[in-house]
Every structure is written in structure tokens, then in C-alpha cells.
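Containing PDB, C-alpha atoms: protein24.pdb.
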```pdb
ATOM      1  CA  MET N1472    -139.831  67.077  68.159
ATOM      2  CA  LYS N1473    -138.616  66.533  71.721
ATOM      3  CA  ARG N1474    -138.502  62.766  71.137
ATOM      4  CA  ILE N1475    -136.445  63.236  67.956
ATOM      5  CA  THR N1476    -134.029  65.579  69.716
ATOM      6  CA  SER N1477    -133.671  63.158  72.643
ATOM      7  CA  SER N1478    -133.004  60.276  70.258
ATOM      8  CA  ILE N1479    -130.340  62.259  68.435
ATOM      9  CA  LEU N1480    -128.654  63.203  71.708
ATOM     10  CA  LEU N1481    -128.734  59.564  72.870
ATOM     11  CA  ILE N1482    -127.134  58.403  69.621
ATOM     12  CA  MET N1483    -124.462  61.098  69.868
ATOM     13  CA  PHE N1484    -123.733  60.170  73.496
ATOM     14  CA  SER N1485    -123.478  56.473  72.585
ATOM     15  CA  CYS N1486    -121.084  57.294  69.753
ATOM     16  CA  MET N1487    -118.934  59.344  72.130
ATOM     17  CA  ILE N1488    -118.721  56.424  74.570
ATOM     18  CA  CYS N1489    -117.808  53.979  71.778
ATOM     19  CA  THR N1490    -115.164  56.381  70.454
ATOM     20  CA  THR N1491    -113.648  56.778  73.948
ATOM     21  CA  ILE N1492    -113.549  53.013  74.526
ATOM     22  CA  SER N1493    -111.991  52.446  71.099
ATOM     23  CA  ALA N1494    -109.368  55.112  71.808
ATOM     24  CA  GLN N1495    -108.501  53.510  75.142
ATOM     25  CA  LYS N1496    -108.133  50.106  73.493
ATOM     26  CA  ALA N1497    -105.940  51.636  70.792
ATOM     27  CA  VAL N1498    -103.678  53.150  73.438
ATOM     28  CA  ASP N1499    -103.577  50.073  75.672
ATOM     29  CA  PRO N1500    -104.495  46.782  73.942
ATOM     30  CA  TRP N1501    -103.270  44.653  76.834
ATOM     31  CA  THR N1502    -106.202  42.982  78.491
ATOM     32  CA  LYS N1503    -105.430  40.223  80.996
ATOM     33  CA  LYS N1504    -106.430  37.607  78.395
ATOM     34  CA  LYS N1505    -104.244  38.992  75.579
ATOM     35  CA  ALA N1506    -101.285  39.572  77.894
ATOM     36  CA  THR N1507    -101.526  36.021  79.243
ATOM     37  CA  GLN N1508    -101.637  34.589  75.719
ATOM     38  CA  TRP N1509     -98.572  36.615  74.753
ATOM     39  CA  PHE N1510     -96.752  35.629  77.935
ATOM     40  CA  ASN N1511     -97.536  31.921  77.591
ATOM     41  CA  ALA N1512     -96.346  31.888  73.969
ATOM     42  CA  GLY N1513     -92.897  32.674  75.376
ATOM     43  CA  LYS N1514     -91.390  34.344  72.299
ATOM     44  CA  TRP N1515     -90.235  37.217  74.510
ATOM     45  CA  ALA N1516     -87.689  34.869  76.174
ATOM     46  CA  GLY N1517     -85.745  34.195  72.990
ATOM     47  CA  GLU N1518     -83.116  31.526  73.716
ATOM     48  CA  MET N1519     -83.204  32.124  77.469
ATOM     49  CA  THR N1520     -84.156  29.036  79.485
ATOM     50  CA  LEU N1521     -85.013  30.753  82.789
ATOM     51  CA  LYS N1522     -88.677  30.828  83.773
ATOM     52  CA  ALA N1523     -90.722  33.739  85.114
ATOM     53  CA  ASP N1524     -92.209  33.342  88.581
ATOM     54  CA  LYS N1525     -95.992  32.938  88.799
ATOM     55  CA  SER N1526     -96.198  36.250  90.672
ATOM     56  CA  VAL N1527     -95.257  38.250  87.557
ATOM     57  CA  ASN N1528     -97.871  40.810  86.507
ATOM     58  CA  VAL N1529     -98.292  39.713  82.883
ATOM     59  CA  VAL N1530    -100.230  42.833  81.860
ATOM     60  CA  ALA N1531     -97.534  45.191  83.166
ATOM     61  CA  PHE N1532     -94.888  42.939  81.594
ATOM     62  CA  ALA N1533     -96.577  42.977  78.170
ATOM     63  CA  ARG N1534     -96.943  46.766  78.259
ATOM     64  CA  GLN N1535     -93.358  47.441  79.248
ATOM     65  CA  TYR N1536     -91.872  44.845  76.919
ATOM     66  CA  HIS N1537     -93.611  46.232  73.832
ATOM     67  CA  GLN N1538     -92.853  49.843  74.733
ATOM     68  CA  ASN N1539     -89.140  49.134  75.226
ATOM     69  CA  LYS N1540     -88.591  45.863  73.346
ATOM     70  CA  ALA N1541     -84.910  46.386  72.499
ATOM     71  CA  ALA N1542     -84.022  46.815  76.180
ATOM     72  CA  TRP N1543     -85.893  43.707  77.309
ATOM     73  CA  ASP N1544     -84.428  41.655  74.460
ATOM     74  CA  LEU N1545     -80.983  42.792  75.585
ATOM     75  CA  VAL N1546     -81.674  41.496  79.100
ATOM     76  CA  PHE N1547     -82.954  38.107  77.965
ATOM     77  CA  SER N1548     -80.137  37.774  75.440
ATOM     78  CA  TRP N1549     -77.577  38.399  78.192
ATOM     79  CA  LEU N1550     -79.171  35.727  80.362
ATOM     80  CA  ALA N1551     -79.138  33.295  77.443
ATOM     81  CA  LYS N1552     -75.475  33.868  76.556
ATOM     82  CA  ASN N1553     -73.879  34.214  79.989
ATOM     83  CA  ASP N1554     -73.581  32.010  83.053
ATOM     84  CA  PRO N1555     -74.809  34.002  86.089
ATOM     85  CA  THR N1556     -73.127  31.534  88.468
ATOM     86  CA  THR N1557     -69.623  32.402  87.242
ATOM     87  CA  TYR N1558     -69.879  35.896  85.757
ATOM     88  CA  PRO N1559     -67.668  38.330  87.709
ATOM     89  CA  VAL N1560     -69.281  40.273  90.535
ATOM     90  CA  GLY N1561     -69.864  43.956  89.753
ATOM     91  CA  LYS N1562     -72.099  46.509  88.118
ATOM     92  CA  TYR N1563     -72.453  46.641  84.333
ATOM     93  CA  ILE N1564     -74.152  49.102  81.993
ATOM     94  CA  LEU N1565     -75.682  47.179  79.103
ATOM     95  CA  ASP N1566     -77.438  50.241  77.689
ATOM     96  CA  SER N1567     -76.652  53.636  79.197
ATOM     97  CA  THR N1568     -80.290  54.737  78.920
ATOM     98  CA  ASN N1569     -82.234  51.552  79.454
ATOM     99  CA  VAL N1570     -80.466  48.674  81.186
ATOM    100  CA  SER N1571     -77.963  48.119  83.993
ATOM    101  CA  LEU N1572     -76.971  44.945  85.770
ATOM    102  CA  THR N1573     -75.568  44.255  89.235
ATOM    103  CA  ILE N1574     -74.141  40.904  90.353
ATOM    104  CA  THR N1575     -73.476  40.229  94.034
ATOM    105  CA  ASP N1576     -72.169  37.130  95.785
ATOM    106  CA  ALA N1577     -72.110  37.822  99.498
ATOM    107  CA  PRO N1578     -74.003  37.484 102.801
ATOM    108  CA  SER N1579     -76.570  40.053 101.602
ATOM    109  CA  VAL N1580     -79.647  38.403 103.111
ATOM    110  CA  ARG N1581     -80.963  39.452 106.525
ATOM    111  CA  PRO N1582     -83.510  38.320 109.117
ATOM    112  CA  PHE N1583     -87.102  39.164 108.196
ATOM    113  CA  LYS N1584     -87.433  42.050 110.691
ATOM    114  CA  GLU N1585     -84.389  43.792 109.210
ATOM    115  CA  THR N1586     -85.816  43.941 105.675
ATOM    116  CA  LYS N1587     -88.074  46.625 104.188
ATOM    117  CA  TRP N1588     -90.825  47.042 101.622
ATOM    118  CA  GLU N1589     -89.695  49.202  98.708
ATOM    119  CA  ALA N1590     -90.892  50.297  95.280
ATOM    120  CA  HIS N1591     -89.413  52.027  92.235
ATOM    121  CA  CYS N1592     -90.948  54.376  89.664
ATOM    122  CA  GLN N1593     -88.240  54.760  87.020
ATOM    123  CA  LYS N1594     -86.949  51.192  86.715
ATOM    124  CA  VAL N1595     -88.356  47.681  86.649
ATOM    125  CA  ASP N1596     -86.435  45.169  88.758
ATOM    126  CA  LEU N1597     -85.619  41.766  87.312
ATOM    127  CA  GLN N1598     -84.171  39.768  90.197
ATOM    128  CA  TYR N1599     -82.621  36.349  89.791
ATOM    129  CA  ILE N1600     -81.002  34.101  92.394
ATOM    130  CA  ALA N1601     -78.222  32.217  90.610
ATOM    131  CA  ARG N1602     -77.013  30.347  93.676
ATOM    132  CA  GLY N1603     -78.610  29.802  97.077
ATOM    133  CA  ALA N1604     -82.114  30.964  97.986
ATOM    134  CA  GLU N1605     -83.727  34.213  99.070
ATOM    135  CA  LYS N1606     -87.218  34.969 100.297
ATOM    136  CA  MET N1607     -88.971  37.945  98.691
ATOM    137  CA  GLY N1608     -92.328  39.581  99.323
ATOM    138  CA  ILE N1609     -94.597  41.191  96.743
ATOM    139  CA  THR N1610     -97.840  43.145  97.123
ATOM    140  CA  PRO N1611     -99.556  46.116  95.412
ATOM    141  CA  VAL N1612     -98.042  49.438  96.384
ATOM    142  CA  ALA N1613    -101.479  51.054  96.053
ATOM    143  CA  GLY N1614    -102.934  51.662  99.493
ATOM    144  CA  ALA N1615     -99.645  51.057 101.300
ATOM    145  CA  LYS N1616     -98.567  53.485 104.018
ATOM    146  CA  VAL N1617     -95.558  55.605 103.084
ATOM    147  CA  VAL N1618     -92.705  55.067 105.541
ATOM    148  CA  VAL N1619     -90.017  57.011 103.632
ATOM    149  CA  GLN N1620     -91.050  59.347 100.815
ATOM    150  CA  TYR N1621     -90.002  58.393  97.301
ATOM    151  CA  ASP N1622     -86.544  59.718  96.369
ATOM    152  CA  SER N1623     -86.372  60.348  92.612
ATOM    153  CA  LYS N1624     -82.555  60.480  92.622
ATOM    154  CA  LYS N1625     -82.304  57.010  94.161
ATOM    155  CA  ASP N1626     -85.540  55.814  92.543
ATOM    156  CA  VAL N1627     -86.854  54.242  95.733
ATOM    157  CA  GLY N1628     -89.517  54.761  98.353
ATOM    158  CA  PHE N1629     -90.269  52.639 101.406
ATOM    159  CA  TYR N1630     -93.716  51.482 102.445
ATOM    160  CA  GLN N1631     -95.757  49.477 104.912
ATOM    161  CA  PRO N1632     -98.529  47.577 103.137
ATOM    162  CA  ASN N1633    -101.170  45.298 104.573
ATOM    163  CA  GLU N1634     -99.179  42.140 105.361
ATOM    164  CA  LYS N1635    -102.317  40.023 104.982
ATOM    165  CA  LYS N1636    -102.337  40.848 101.270
ATOM    166  CA  ALA N1637     -98.631  40.155 100.766
ATOM    167  CA  LYS N1638     -97.299  37.106  98.986
ATOM    168  CA  TYR N1639     -93.909  35.625  99.861
ATOM    169  CA  ILE N1640     -91.810  33.616  97.438
ATOM    170  CA  VAL N1641     -88.617  31.646  97.984
ATOM    171  CA  ALA N1642     -86.556  32.625  94.946
ATOM    172  CA  GLN N1643     -84.179  29.939  93.712
ATOM    173  CA  PRO N1644     -82.095  29.214  90.591
ATOM    174  CA  GLY N1645     -84.103  28.724  87.417
ATOM    175  CA  THR N1646     -86.820  31.312  88.076
ATOM    176  CA  PHE N1647     -86.675  35.114  87.950
ATOM    177  CA  LEU N1648     -89.000  37.714  89.455
ATOM    178  CA  LEU N1649     -90.168  41.038  88.034
ATOM    179  CA  PHE N1650     -91.140  44.046  90.147
ATOM    180  CA  PHE N1651     -92.957  46.890  88.385
ATOM    181  CA  PRO N1652     -93.767  50.374  89.769
ATOM    182  CA  SER N1653     -97.145  49.011  90.899
ATOM    183  CA  ASP N1654     -95.381  46.363  93.012
ATOM    184  CA  ALA N1655     -94.050  46.903  96.502
ATOM    185  CA  HIS N1656     -91.412  44.256  97.110
ATOM    186  CA  ARG N1657     -89.462  43.053 100.115
ATOM    187  CA  PRO N1658     -86.168  41.458  99.041
ATOM    188  CA  ASN N1659     -83.151  40.085 100.926
ATOM    189  CA  ILE N1660     -85.075  37.933 103.416
ATOM    190  CA  GLN N1661     -82.891  35.164 104.772
ATOM    191  CA  VAL N1662     -83.744  31.524 104.077
ATOM    192  CA  GLU N1663     -82.413  29.062 106.622
ATOM    193  CA  GLY N1664     -79.132  27.524 105.484
ATOM    194  CA  CYS N1665     -78.496  30.167 102.782
ATOM    195  CA  ASP N1666     -76.405  32.956 104.288
ATOM    196  CA  THR N1667     -74.507  33.755 101.073
ATOM    197  CA  VAL N1668     -76.522  34.309  97.927
ATOM    198  CA  ARG N1669     -75.396  34.975  94.361
ATOM    199  CA  LYS N1670     -77.887  37.456  92.998
ATOM    200  CA  ILE N1671     -78.378  39.236  89.684
ATOM    201  CA  VAL N1672     -80.508  42.394  89.521
ATOM    202  CA  PHE N1673     -81.348  44.066  86.219
ATOM    203  CA  LYS N1674     -82.710  47.601  86.196
ATOM    204  CA  ILE N1675     -84.845  48.207  83.102
ATOM    205  CA  ARG N1676     -86.157  51.685  82.295
ATOM    206  CA  VAL N1677     -89.892  52.178  82.707
ATOM    207  CA  VAL N1678     -91.609  53.592  79.630
ATOM    208  CA  SER N1679     -94.934  55.416  80.011
ATOM    209  CA  LYS N1680     -97.013  56.264  76.960
TER     210      LYS N1680
END
```
Would you mind writing the file's structure down as C-alpha cells?
Amino acid sequence: MKRITSSILLIMFSCMICTTISAQKAVDPWTKKKATQWFNAGKWAGEMTLKADKSVNVVAFARQYHQNKAAWDLVFSWLAKNDPTTYPVGKYILDSTNVSLTITDAPSVRPFKETKWEAHCQKVDLQYIARGAEKMGITPVAGAKVVVQYDSKKDVGFYQPNEKKAKYIVAQPGTFLLFFPSDAHRPNIQVEGCDTVRKIVFKIRVVSK
């Protein structure tokens, strides 16, 4: 009798585990393999010819894109139809809830020591250098020391991560970068010979489900 009861309990426990795993997969189908396949297929880009930097977190990208597809399509459509090198400087609201765009063309870059690590919770950053070059750092925000507490009104917090784990990229025309809430990033680092940079920054609303 005890053996039968134990067997029944084991079967029930196994079923519970399988049900939990299935539920998790139903909620979040984006494994690294599936996200990479989706990303490499490139349908998300539409007619846009810009490429995503290799640092892009494809799993986070796949999740956010499919949870807010209309907003992301609006961003990529804008980049396909407009010339970032000549579009007037300023801030634009493409969707009052989901997407804004800022274009700058000025000496915005600074020496390395004058730049900071930052992260956002409410918006994803799409940053694109249309003219010139800018160095940017990226590293997981998890485990980073908080330097300035996150400000929900400004949607920014400042951090000090382990520099040994940080990756630095020289952003140039033709390739854009994406920074998700899990990414601490260090923008505006000066590249020798590029004091004035034309930069486009999209802010895309984060969706959590």
C-alpha cells in the first residue's frame, strides 16, 4: 500500500513539474536558439538596411519586439524612409505612448573619465551614430554597484559595474545598438578625431507580461 501511495505521489509530482515547465514555455517561448533564428531571419527589419550590433541581446529583443510589435515596426520604418544624416535636429514623438526620437549633431562626446554607466527600466534605447564615431560600453546591470538610485521620473539610474566584464564598441554609421533594462551602458565616449557626432536615439516603451 505504501509503495502504491508513493508511486501515485511521484506521478503527481512529475505531472506538476511538467505542467509548470509547459506554462513557463507558454508564457516565454524565447529560448536563445529560437530568438537567434528569428533575429537572423531579419524580417523584423522590414525595408531598413541598418544592421544590429553583435552585442544585441537577441532574447530580450525578441521578447520586446513581439510584445510591442507596432512600436518597433514604427522605428524600423522611420529608419527605412528617412535619412538620419540630414533629418533636422530635435526631439520627435512618433507614438505618444510608445516611441520618441531625439536627433543631435553636436560635440556631445566626452573623455572616458567624464562618462557614466546608466540603465533604464521603462524604455529601451536604440542608439545609432549617423555621422562620426562614438565609443559605448555595455555590461549586465545585475551585480553592479548603485552610484545614483534609479529615478522613475527620468527613467535612469547610474551604476558602477565590474569593468573587467564590460564590452566596449566603437559605434559607427551602418550599425545600431540596443540597450535593454538588463543592460548597463556607457555612451558618449569620445573617439579620437570625432569631436562632433550626429546621433539618433529612439526610446521604445518596455512591455512586461
| Hits from the PyMOL selection byres ((chain N and resi 1589) around 9), listed as a PyMOL selection string | chain N and resi 1587-1588+1590-1591+1612+1627-1631+1654-1658
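Among the candidate residues N:Glu1605, N:His1537, N:Lys1562, N:Lys1552, the one lying nearest to Arg1581 (chain N) is N:Glu1605, with distances computed using only C-alpha atoms.
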| task | Name the residues in contact with Val1672 (chain N) at a cut-off of 10 Å, using all atoms listed in the file, excluding same-chain residues fewer than 5 positions from it; report them as a PyMOL selection string. | result | chain N and resi 1562+1571-1575+1595-1600+1647-1649
| Residues near Trp1501 (chain N), cut-off 7 Å, only C-alpha atoms, skip fewer than 2 positions along chain, as JSON, numbers by chain | {"N": [1499, 1503, 1505, 1506, 1530, 1534]}
| task | Determine, counting all atoms listed in the file, which protein, DNA and RNA residues have an atom within 10 Å of an atom of Thr1646 (chain N); residues of the same chain fewer than 3 positions away are not included. Present the result as a PyMOL selection string. | result | chain N and resi 1520-1525+1598-1601+1642-1643
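If only C-alpha atoms are the atoms counted, then among N:Ala1516, N:Met1607, N:Val1662, N:Val1677 the closest residue to Leu1550 (chain N) is N:Ala1516.
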| Hey, what comes out of the PyMOL selection byres ((chain N and resi 1542) around 8) on this file? Could you write it as JSON, numbers by chain? | {"N": [1539, 1540, 1541, 1543, 1544, 1545, 1546, 1566, 1569, 1570, 1675]}
| field | Interatomic distance, CA of Ala1613 (chain N) to CA of Tyr1536 (chain N) (Å, one decimal) | value | 22.3 Å
Selection in question (the file shown): the PyMOL selection byres ((chain N and resi 1578) around 7). Which residues does it include, as a compact mmCIF listing (two decimals) with C-alpha atoms, in the coordinates of the input?
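Written out: result_16.txt:
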```
# COMPACT_ATOMS: atom_id res chain seq x y z
CA ALA N 1577 -72.11 37.82 99.50
CA SER N 1579 -76.57 40.05 101.60
CA VAL N 1580 -79.65 38.40 103.11
CA ASP N 1666 -76.40 32.96 104.29
CA THR N 1667 -74.51 33.76 101.07
CA VAL N 1668 -76.52 34.31 97.93
```
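Closest approach to Tyr1563 (chain N) among N:Phe1532, N:Trp1549, N:Thr1502, N:Lys1638: N:Trp1549, based on all atoms listed in the file.
Closest approach to Phe1583 (chain N) among N:Gly1608, N:Ser1679, N:Arg1602, N:Lys1674 is made by N:Gly1608 (distances from only C-alpha atoms).
With only the atoms specified (all atoms listed in the file) counting, those residues at most 10 Å away from (-90.0, 58.5, 93.0) are N:Ala1590, N:His1591, N:Cys1592, N:Gln1593, N:Gln1620, N:Tyr1621, N:Asp1622, N:Ser1623, N:Lys1624, N:Lys1625, N:Asp1626, N:Val1627, N:Gly1628, N:Pro1652.
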| task | Quick one: pull the distance between CA of Ile1640 (chain N) and CA of Val1678 (chain N), Å, one decimal. | result | 26.8 Å
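The shortest atom-to-atom distance to Thr1610 (chain N), with all atoms listed in the file taken into account, belongs to N:Ser1526 out of N:Ser1526, N:Tyr1558, N:Ser1548, N:Cys1665.
Taking CA of Lys1504 (chain N) as the reference point, CA of Val1527 (chain N) is found at 14.5 Å.
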Could region 1558-1575 of chain N be completed with N, CA and C atoms and returned as a CSV table (one decimal), in the coordinates of the input?
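Result saved to selection-v8.csv:
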```csv
chain,number,residue,atom,x,y,z
N,1558,TYR,N,-70.2,34.6,86.3
N,1558,TYR,CA,-69.9,35.9,85.8
N,1558,TYR,C,-69.3,36.8,86.9
N,1559,PRO,N,-68.3,37.5,86.6
N,1559,PRO,CA,-67.7,38.3,87.7
N,1559,PRO,C,-68.6,39.3,88.4
N,1560,VAL,N,-68.5,39.4,89.7
N,1560,VAL,CA,-69.3,40.3,90.5
N,1560,VAL,C,-69.0,41.7,90.1
N,1561,GLY,N,-70.0,42.5,90.1
N,1561,GLY,CA,-69.9,44.0,89.8
N,1561,GLY,C,-71.1,44.5,89.2
N,1562,LYS,N,-71.0,45.8,88.8
N,1562,LYS,CA,-72.1,46.5,88.1
N,1562,LYS,C,-71.7,46.8,86.7
N,1563,TYR,N,-72.7,46.5,85.8
N,1563,TYR,CA,-72.5,46.6,84.3
N,1563,TYR,C,-73.6,47.5,83.7
N,1564,ILE,N,-73.2,48.3,82.8
N,1564,ILE,CA,-74.2,49.1,82.0
N,1564,ILE,C,-74.3,48.4,80.6
N,1565,LEU,N,-75.4,47.8,80.4
N,1565,LEU,CA,-75.7,47.2,79.1
N,1565,LEU,C,-76.2,48.2,78.1
N,1566,ASP,N,-76.9,49.2,78.5
N,1566,ASP,CA,-77.4,50.2,77.7
N,1566,ASP,C,-77.5,51.5,78.6
N,1567,SER,N,-76.8,52.5,78.3
N,1567,SER,CA,-76.7,53.6,79.2
N,1567,SER,C,-78.0,54.3,79.5
N,1568,THR,N,-79.0,54.1,78.7
N,1568,THR,CA,-80.3,54.7,78.9
N,1568,THR,C,-81.3,53.8,79.5
N,1569,ASN,N,-81.2,52.5,79.1
N,1569,ASN,CA,-82.2,51.6,79.5
N,1569,ASN,C,-81.9,50.4,80.4
N,1570,VAL,N,-80.7,49.9,80.4
N,1570,VAL,CA,-80.5,48.7,81.2
N,1570,VAL,C,-79.1,48.7,81.9
N,1571,SER,N,-79.2,48.4,83.2
N,1571,SER,CA,-78.0,48.1,84.0
N,1571,SER,C,-78.1,46.8,84.7
N,1572,LEU,N,-77.0,46.3,85.2
N,1572,LEU,CA,-77.0,44.9,85.8
N,1572,LEU,C,-76.0,44.9,86.9
N,1573,THR,N,-76.4,44.4,88.1
N,1573,THR,CA,-75.6,44.3,89.2
N,1573,THR,C,-75.5,42.8,89.7
N,1574,ILE,N,-74.3,42.3,89.9
N,1574,ILE,CA,-74.1,40.9,90.4
N,1574,ILE,C,-73.5,41.0,91.7
N,1575,THR,N,-74.1,40.3,92.7
N,1575,THR,CA,-73.5,40.2,94.0
N,1575,THR,C,-73.3,38.8,94.4
```
